[in-house]
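One file, model_29.cif, carrying mmCIF, C-alpha atoms:
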```
data_model
#
loop_
_atom_site.group_PDB
_atom_site.id
_atom_site.type_symbol
_atom_site.label_atom_id
_atom_site.label_comp_id
_atom_site.auth_asym_id
_atom_site.auth_seq_id
_atom_site.Cartn_x
_atom_site.Cartn_y
_atom_site.Cartn_z
ATOM 1 C CA LEU N 1 0.000 0.000 0.000
ATOM 2 C CA ARG N 2 2.763 2.422 0.894
ATOM 3 C CA ASP N 3 4.429 2.242 -2.512
ATOM 4 C CA LEU N 4 1.556 1.361 -4.869
ATOM 5 C CA CYS N 5 -1.322 3.515 -3.601
ATOM 6 C CA PHE N 6 0.306 6.844 -2.989
ATOM 7 C CA GLN N 7 -2.630 8.814 -4.417
ATOM 8 C CA MET N 8 -5.240 6.997 -2.310
ATOM 9 C CA LYS N 9 -7.644 9.380 -0.571
ATOM 10 C CA SER N 10 -9.859 6.987 1.372
ATOM 11 C CA LEU N 11 -9.145 3.675 3.060
ATOM 12 C CA ASP N 12 -11.868 1.552 4.680
ATOM 13 C CA LEU N 13 -10.471 -1.551 6.354
ATOM 14 C CA HIS N 14 -13.349 -2.057 8.759
ATOM 15 C CA SER N 15 -14.311 -5.482 7.376
ATOM 16 C CA ALA N 16 -10.769 -6.613 6.619
ATOM 17 C CA ILE N 17 -9.320 -9.595 8.469
ATOM 18 C CA CYS N 18 -6.208 -7.902 9.775
ATOM 19 C CA ALA N 19 -4.765 -8.267 13.262
ATOM 20 C CA ASP N 20 -1.616 -6.222 12.713
ATOM 21 C CA ILE N 21 -0.888 -3.053 10.761
ATOM 22 C CA PRO N 22 2.865 -3.092 10.087
ATOM 23 C CA LYS N 23 5.204 -0.252 10.864
ATOM 24 C CA ASN N 24 5.504 2.441 8.190
ATOM 25 C CA ALA N 25 2.433 0.985 6.445
ATOM 26 C CA LEU N 26 1.229 4.330 5.068
ATOM 27 C CA HIS N 27 4.055 6.598 6.144
ATOM 28 C CA SER N 28 3.734 10.083 4.579
ATOM 29 C CA HIS N 29 0.630 9.371 2.467
ATOM 30 C CA HIS N 30 -0.250 13.034 2.216
ATOM 31 C CA ASN N 31 -3.355 12.464 0.077
ATOM 32 C CA LEU N 32 -5.071 10.104 2.506
ATOM 33 C CA GLN N 33 -8.101 11.887 3.973
ATOM 34 C CA THR N 34 -10.299 9.247 5.624
ATOM 35 C CA LEU N 35 -9.421 6.045 7.463
ATOM 36 C CA ARG N 36 -11.374 3.216 9.083
ATOM 37 C CA LEU N 37 -9.234 0.723 10.928
ATOM 38 C CA PRO N 38 -9.942 -3.024 10.836
ATOM 39 C CA SER N 39 -12.469 -3.909 13.547
ATOM 40 C CA GLY N 40 -10.238 -6.788 14.689
ATOM 41 C CA VAL N 41 -6.880 -5.026 14.617
ATOM 42 C CA LYS N 42 -4.701 -5.799 17.655
ATOM 43 C CA THR N 43 -1.577 -3.753 16.956
ATOM 44 C CA ILE N 44 -0.815 -0.616 14.963
ATOM 45 C CA GLY N 45 2.867 -0.460 14.110
ATOM 46 C CA SER N 46 5.254 2.390 14.716
ATOM 47 C CA GLN N 47 4.942 5.261 12.231
ATOM 48 C CA ALA N 48 2.137 3.366 10.477
ATOM 49 C CA PHE N 49 0.388 6.635 9.546
ATOM 50 C CA PHE N 50 3.182 9.069 10.275
ATOM 51 C CA ALA N 51 2.774 12.439 8.520
ATOM 52 C CA CYS N 52 -0.522 11.542 6.815
ATOM 53 C CA ASP N 53 -1.279 15.232 7.120
ATOM 54 C CA GLY N 54 -4.380 15.097 4.910
ATOM 55 C CA LEU N 55 -6.063 12.657 7.275
ATOM 56 C CA ASN N 56 -9.000 14.343 8.996
ATOM 57 C CA GLY N 57 -12.111 13.661 11.009
ATOM 58 C CA THR N 58 -12.193 11.102 13.823
ATOM 59 C CA ILE N 59 -9.838 8.194 14.371
ATOM 60 C CA HIS N 60 -11.698 5.343 16.074
ATOM 61 C CA ILE N 61 -9.492 2.854 17.905
ATOM 62 C CA PRO N 62 -11.335 -0.520 17.944
ATOM 63 C CA GLN N 63 -12.193 -2.115 21.253
ATOM 64 C CA GLY N 64 -9.814 -5.050 20.803
ATOM 65 C CA THR N 65 -6.753 -2.991 19.885
ATOM 66 C CA LYS N 66 -3.970 -3.580 22.427
ATOM 67 C CA SER N 67 -1.062 -1.517 21.110
ATOM 68 C CA ILE N 68 -0.429 1.705 19.178
ATOM 69 C CA GLY N 69 3.209 1.985 18.166
ATOM 70 C CA ALA N 70 5.590 4.882 18.555
ATOM 71 C CA SER N 71 4.766 7.859 16.314
ATOM 72 C CA ALA N 72 1.933 5.856 14.725
ATOM 73 C CA PHE N 73 -0.144 8.976 14.022
ATOM 74 C CA ALA N 74 2.485 11.638 14.669
ATOM 75 C CA MET N 75 2.289 14.759 12.505
ATOM 76 C CA CYS N 76 -1.231 13.937 11.291
ATOM 77 C CA LYS N 77 -2.024 17.613 11.543
ATOM 78 C CA ASN N 78 -5.699 17.484 10.547
ATOM 79 C CA ILE N 79 -7.096 14.715 12.761
ATOM 80 C CA LYS N 80 -9.947 16.324 14.681
ATOM 81 C CA GLU N 81 -10.862 13.713 17.279
ATOM 82 C CA LEU N 82 -9.523 10.529 18.854
ATOM 83 C CA SER N 83 -12.017 7.931 20.059
ATOM 84 C CA ILE N 84 -10.815 5.152 22.375
ATOM 85 C CA VAL N 85 -13.166 2.676 24.023
ATOM 86 C CA LYS N 86 -12.843 3.238 27.783
ATOM 87 C CA ASP N 87 -13.314 -0.431 28.654
ATOM 88 C CA GLY N 88 -11.297 -1.670 25.683
ATOM 89 C CA SER N 89 -8.056 -3.640 25.551
ATOM 90 C CA LEU N 90 -5.593 -0.840 24.774
ATOM 91 C CA ASP N 91 -2.681 -1.035 27.213
ATOM 92 C CA HIS N 92 0.178 0.459 25.195
ATOM 93 C CA ILE N 93 0.534 3.792 23.417
ATOM 94 C CA GLY N 94 4.061 4.279 22.146
ATOM 95 C CA SER N 95 6.141 7.398 22.554
ATOM 96 C CA TYR N 96 5.081 10.373 20.433
ATOM 97 C CA ALA N 97 2.141 8.384 19.012
ATOM 98 C CA PHE N 98 0.070 11.538 18.428
ATOM 99 C CA LYS N 99 2.780 14.170 18.570
ATOM 100 C CA GLY N 100 2.070 17.211 16.422
ATOM 101 C CA CYS N 101 -1.609 16.430 15.806
ATOM 102 C CA GLU N 102 -2.312 20.142 15.798
ATOM 103 C CA SER N 103 -6.066 19.892 15.104
ATOM 104 C CA LEU N 104 -6.840 17.190 17.654
ATOM 105 C CA GLY N 105 -9.451 18.693 19.962
ATOM 106 C CA GLY N 106 -12.050 17.761 22.521
ATOM 107 C CA THR N 107 -11.296 15.390 25.373
ATOM 108 C CA VAL N 108 -9.318 12.183 25.037
ATOM 109 C CA VAL N 109 -10.514 9.425 27.369
ATOM 110 C CA LEU N 110 -7.805 6.878 28.095
ATOM 111 C CA PRO N 111 -8.937 3.338 28.928
ATOM 112 C CA ASP N 112 -8.730 1.715 32.339
ATOM 113 C CA SER N 113 -6.211 -0.804 30.966
ATOM 114 C CA MET N 114 -3.505 1.869 30.610
ATOM 115 C CA THR N 115 -0.869 1.970 33.354
ATOM 116 C CA VAL N 116 1.942 3.862 31.595
ATOM 117 C CA LEU N 117 1.690 6.949 29.381
ATOM 118 C CA ARG N 118 4.968 7.242 27.505
ATOM 119 C CA ASP N 119 7.077 10.202 26.435
ATOM 120 C CA GLY N 120 5.562 12.840 24.190
ATOM 121 C CA VAL N 121 2.340 10.947 23.368
ATOM 122 C CA PHE N 122 0.322 14.161 22.941
ATOM 123 C CA GLU N 123 3.155 16.652 22.632
ATOM 124 C CA GLY N 124 2.228 19.657 20.526
ATOM 125 C CA CYS N 125 -1.500 18.876 20.370
ATOM 126 C CA VAL N 126 -2.249 22.575 20.697
ATOM 127 C CA LYS N 127 -6.047 22.240 20.445
ATOM 128 C CA LEU N 128 -6.506 19.361 22.876
ATOM 129 C CA GLU N 129 -8.917 20.589 25.532
ATOM 130 C CA GLY N 130 -9.102 17.772 28.046
ATOM 131 C CA VAL N 131 -7.832 14.362 29.055
ATOM 132 C CA SER N 132 -9.330 11.703 31.312
ATOM 133 C CA LEU N 133 -6.642 9.596 32.949
ATOM 134 C CA PRO N 134 -7.375 6.053 34.151
ATOM 135 C CA ASP N 135 -7.344 5.338 37.876
ATOM 136 C CA ASN N 136 -4.649 2.692 37.426
ATOM 137 C CA LEU N 137 -2.168 4.998 35.686
ATOM 138 C CA GLN N 138 1.264 4.730 37.313
ATOM 139 C CA SER N 139 3.565 6.804 35.113
ATOM 140 C CA ILE N 140 3.406 9.874 32.857
ATOM 141 C CA GLY N 141 6.442 10.270 30.617
ATOM 142 C CA ALA N 142 8.509 13.288 29.681
ATOM 143 C CA ASN N 143 6.828 15.874 27.433
ATOM 144 C CA THR N 144 3.616 13.815 27.356
ATOM 145 C CA PHE N 145 1.373 16.897 27.214
ATOM 146 C CA SER N 146 4.024 19.507 26.472
ATOM 147 C CA GLY N 147 2.691 22.355 24.363
ATOM 148 C CA CYS N 148 -0.983 21.424 24.825
ATOM 149 C CA LYS N 149 -1.857 25.090 25.249
ATOM 150 C CA MET N 150 -5.638 24.669 25.343
ATOM 151 C CA LEU N 151 -5.640 21.833 27.871
ATOM 152 C CA ASN N 152 -7.840 22.928 30.752
ATOM 153 C CA GLY N 153 -10.116 21.742 33.513
ATOM 154 C CA LYS N 154 -9.282 19.097 36.070
ATOM 155 C CA ILE N 155 -6.702 16.416 35.500
ATOM 156 C CA ASN N 156 -7.133 13.846 38.219
ATOM 157 C CA MET N 157 -4.259 11.598 39.123
ATOM 158 C CA GLY N 158 -5.047 8.596 41.267
ATOM 159 C CA ARG N 159 -3.081 7.082 44.115
ATOM 160 C CA MET N 160 -1.138 4.777 41.744
ATOM 161 C CA ILE N 161 0.923 7.594 40.175
ATOM 162 C CA THR N 162 4.621 7.229 41.022
ATOM 163 C CA HIS N 163 6.293 9.128 38.174
ATOM 164 C CA ILE N 164 5.717 12.356 36.247
ATOM 165 C CA GLY N 165 8.423 12.952 33.649
ATOM 166 C CA ALA N 166 10.325 16.119 32.829
ATOM 167 C CA SER N 167 8.243 18.824 31.134
ATOM 168 C CA ALA N 168 5.223 16.518 31.136
ATOM 169 C CA PHE N 169 2.839 19.515 31.211
ATOM 170 C CA ALA N 170 5.208 22.239 29.991
ATOM 171 C CA ASP N 171 3.525 25.248 28.374
ATOM 172 C CA CYS N 172 0.052 24.120 29.440
ATOM 173 C CA SER N 173 -1.157 27.448 30.768
ATOM 174 C CA SER N 174 -3.955 26.118 32.962
ATOM 175 C CA ALA N 175 -3.637 22.379 32.722
ATOM 176 C CA LEU N 176 -2.825 21.046 36.137
ATOM 177 C CA GLN N 177 -5.781 22.150 38.249
ATOM 178 C CA CYS N 178 -6.174 19.089 40.401
ATOM 179 C CA LEU N 179 -4.049 16.255 41.664
ATOM 180 C CA GLY N 180 -5.974 13.372 43.182
ATOM 181 C CA ASP N 181 -6.131 12.618 46.876
ATOM 182 C CA ALA N 182 -3.051 10.795 48.153
ATOM 183 C CA ALA N 183 -1.554 10.758 44.667
ATOM 184 C CA PHE N 184 1.940 10.183 46.071
ATOM 185 C CA MET N 185 1.032 8.597 49.402
ATOM 186 C CA ASN N 186 3.807 6.416 50.880
ATOM 187 C CA PHE N 187 6.082 7.049 47.912
ATOM 188 C CA GLN N 188 9.498 7.020 49.590
ATOM 189 C CA HIS N 189 11.953 7.583 46.744
ATOM 190 C CA TRP N 190 11.662 11.252 45.899
ATOM 191 C CA ALA N 191 14.641 13.124 44.543
ATOM 192 C CA GLU N 192 16.056 15.839 46.751
ATOM 193 C CA ARG N 193 14.396 18.506 44.667
ATOM 194 C CA CYS N 194 11.066 18.001 42.886
ATOM 195 C CA GLN N 195 9.707 20.506 40.387
ATOM 196 C CA PHE N 196 6.236 20.775 38.843
ATOM 197 C CA GLN N 197 6.760 22.703 35.628
ATOM 198 C CA ALA N 198 3.057 23.148 34.911
ATOM 199 C CA ALA N 199 0.683 25.457 36.716
ATOM 200 C CA CYS N 200 -0.602 23.894 39.936
ATOM 201 C CA SER N 201 -3.669 25.707 41.249
ATOM 202 C CA ILE N 202 -5.180 23.037 43.502
ATOM 203 C CA LEU N 203 -3.377 20.269 45.319
ATOM 204 C CA ALA N 204 -5.650 17.802 47.049
ATOM 205 C CA LYS N 205 -5.303 16.577 50.610
ATOM 206 C CA GLY N 206 -2.590 14.063 51.294
ATOM 207 C CA LEU N 207 -0.770 14.775 48.033
ATOM 208 C CA LEU N 208 2.683 14.534 49.578
ATOM 209 C CA PRO N 209 3.907 11.498 51.485
ATOM 210 C CA VAL N 210 5.910 11.414 54.648
ATOM 211 C CA ALA N 211 9.154 11.468 52.716
ATOM 212 C CA PRO N 212 12.180 12.684 54.707
ATOM 213 C CA CYS N 213 14.388 12.570 51.601
ATOM 214 C CA LEU N 214 12.310 15.266 49.866
ATOM 215 C CA ARG N 215 14.115 18.524 50.514
ATOM 216 C CA ARG N 216 12.170 20.956 48.335
ATOM 217 C CA LEU N 217 9.067 21.106 46.167
ATOM 218 C CA ASN N 218 9.039 23.893 43.616
ATOM 219 C CA CYS N 219 5.867 25.023 41.820
ATOM 220 C CA ARG N 220 5.621 27.929 39.399
ATOM 221 C CA THR N 221 2.282 29.276 40.597
ATOM 222 C CA VAL N 222 0.467 29.918 43.838
ATOM 223 C CA LEU N 223 -1.009 26.801 45.454
ATOM 224 C CA ARG N 224 -4.523 26.748 46.871
ATOM 225 C CA ASN N 225 -6.058 24.260 49.298
ATOM 226 C CA PHE N 226 -2.651 22.744 49.936
ATOM 227 C CA LYS N 227 -2.821 20.204 52.762
ATOM 228 C CA PRO N 228 0.483 18.342 53.079
ATOM 229 C CA LEU N 229 1.023 15.522 55.519
ATOM 230 C CA ARG N 230 4.061 16.566 57.552
ATOM 231 C CA SER N 231 5.822 17.429 54.314
ATOM 232 C CA PRO N 232 9.212 19.131 54.274
ATOM 233 C CA ILE N 233 9.941 22.473 52.666
ATOM 234 C CA VAL N 234 7.463 23.635 50.026
ATOM 235 C CA GLN N 235 8.771 26.413 47.829
ATOM 236 C CA VAL N 236 6.395 28.442 45.654
#
```

Show this structure as structure tokens.
Amino acid sequence: LRDLCFQMKSLDLHSAICADIPKNALHSHHNLQTLRLPSGVKTIGSQAFFACDGLNGTIHIPQGTKSIGASAFAMCKNIKELSIVKDGSLDHIGSYAFKGCESLGGTVVLPDSMTVLRDGVFEGCVKLEGVSLPDNLQSIGANTFSGCKMLNGKINMGRMITHIGASAFADCSSALQCLGDAAFMNFQHWAERCQFQAACSILAKGLLPVAPCLRRLNCRTVLRNFKPLRSPIVQV
């Protein structure tokens, strides 16, 4: 398909018997405008639809899909919406999978099966307005939401979160409004200095653990409703 159908504008694979879309399958098919994925697809390979910048509308991820590879839809600048089944099978989204999807808007709901959100997954999605994180999420990678300038509202992080990567919410002007209760409870391995690069306007009760190794917490903006549990120095 990549080499023989370069002028293809529409691709409907909904009824196709296809469990795996290989990596680079339609890399840089600039004329492709509409896409329906196979209903039974399990994996979407890395860079499968990289730079298909004519692709628009909604991308529906089937319920049985387990993995979206690195940069699979990166630089698809005209995708408007991403639909993922909340109780589906998706448990892996590769790094930078939707990086640079500049028209991607609305709210992305991530399924309960996700435990790790890798580096740069939604980096540069400047029109993304909201994200619903699963309760079981344990890790948010570096630059995951960097540059998502329209991201707003509450982003709730459950008690399973143990890692937020560098610049995860950088340049999100009002993104980080809420961290879930006890989000870092009993997490004993903090670095000596912890920085939240995004705006933190509300920190819920019990956010910080009793962690004697934490020397300083640095946030860029004024904190409200901050209720630490015998936390060390907090620097605003």

- Task: Take the PyMOL selection byres ((chain N and resi 73-83) around 10), apply it to the structure above, and return the hits as an MDAnalysis selection string.
- Result: chainID N and resid 27:28 30 33:34 44:62 68:72 84:86 95:110 121:125 127:128

- Of N:Gln7, N:Ser89, N:Asn136, N:Ser15, the one sitting nearest Thr43 (chain N) when using all atoms listed in the file is N:Ser89

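Using all atoms listed in the file, the smallest distance between any of N:Cys5, N:Leu13, N:Val116, N:Ile164 and Asp91 (chain N) comes from N:Val116.
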
- Contact residues around Ile140 (chain N) with all atoms listed in the file at 10 Å, ignoring same-chain residues under 5 positions, as a list in words: Thr115, Val116, Leu117, Arg118, Asp119, Gly120, Val121, Phe145, Ile161, Thr162, His163, Ile164, Gly165, Ala166, Ala168 and Phe169 of chain N

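Nearest residue to Asn143 (chain N), choosing from N:Gln63, N:Gly158, N:Ala170, N:Val131 and counting all atoms listed in the file: N:Ala170.
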
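Here CA of Val126 (chain N) stands at a distance of 4.5 Å from CA of Cys148 (chain N).
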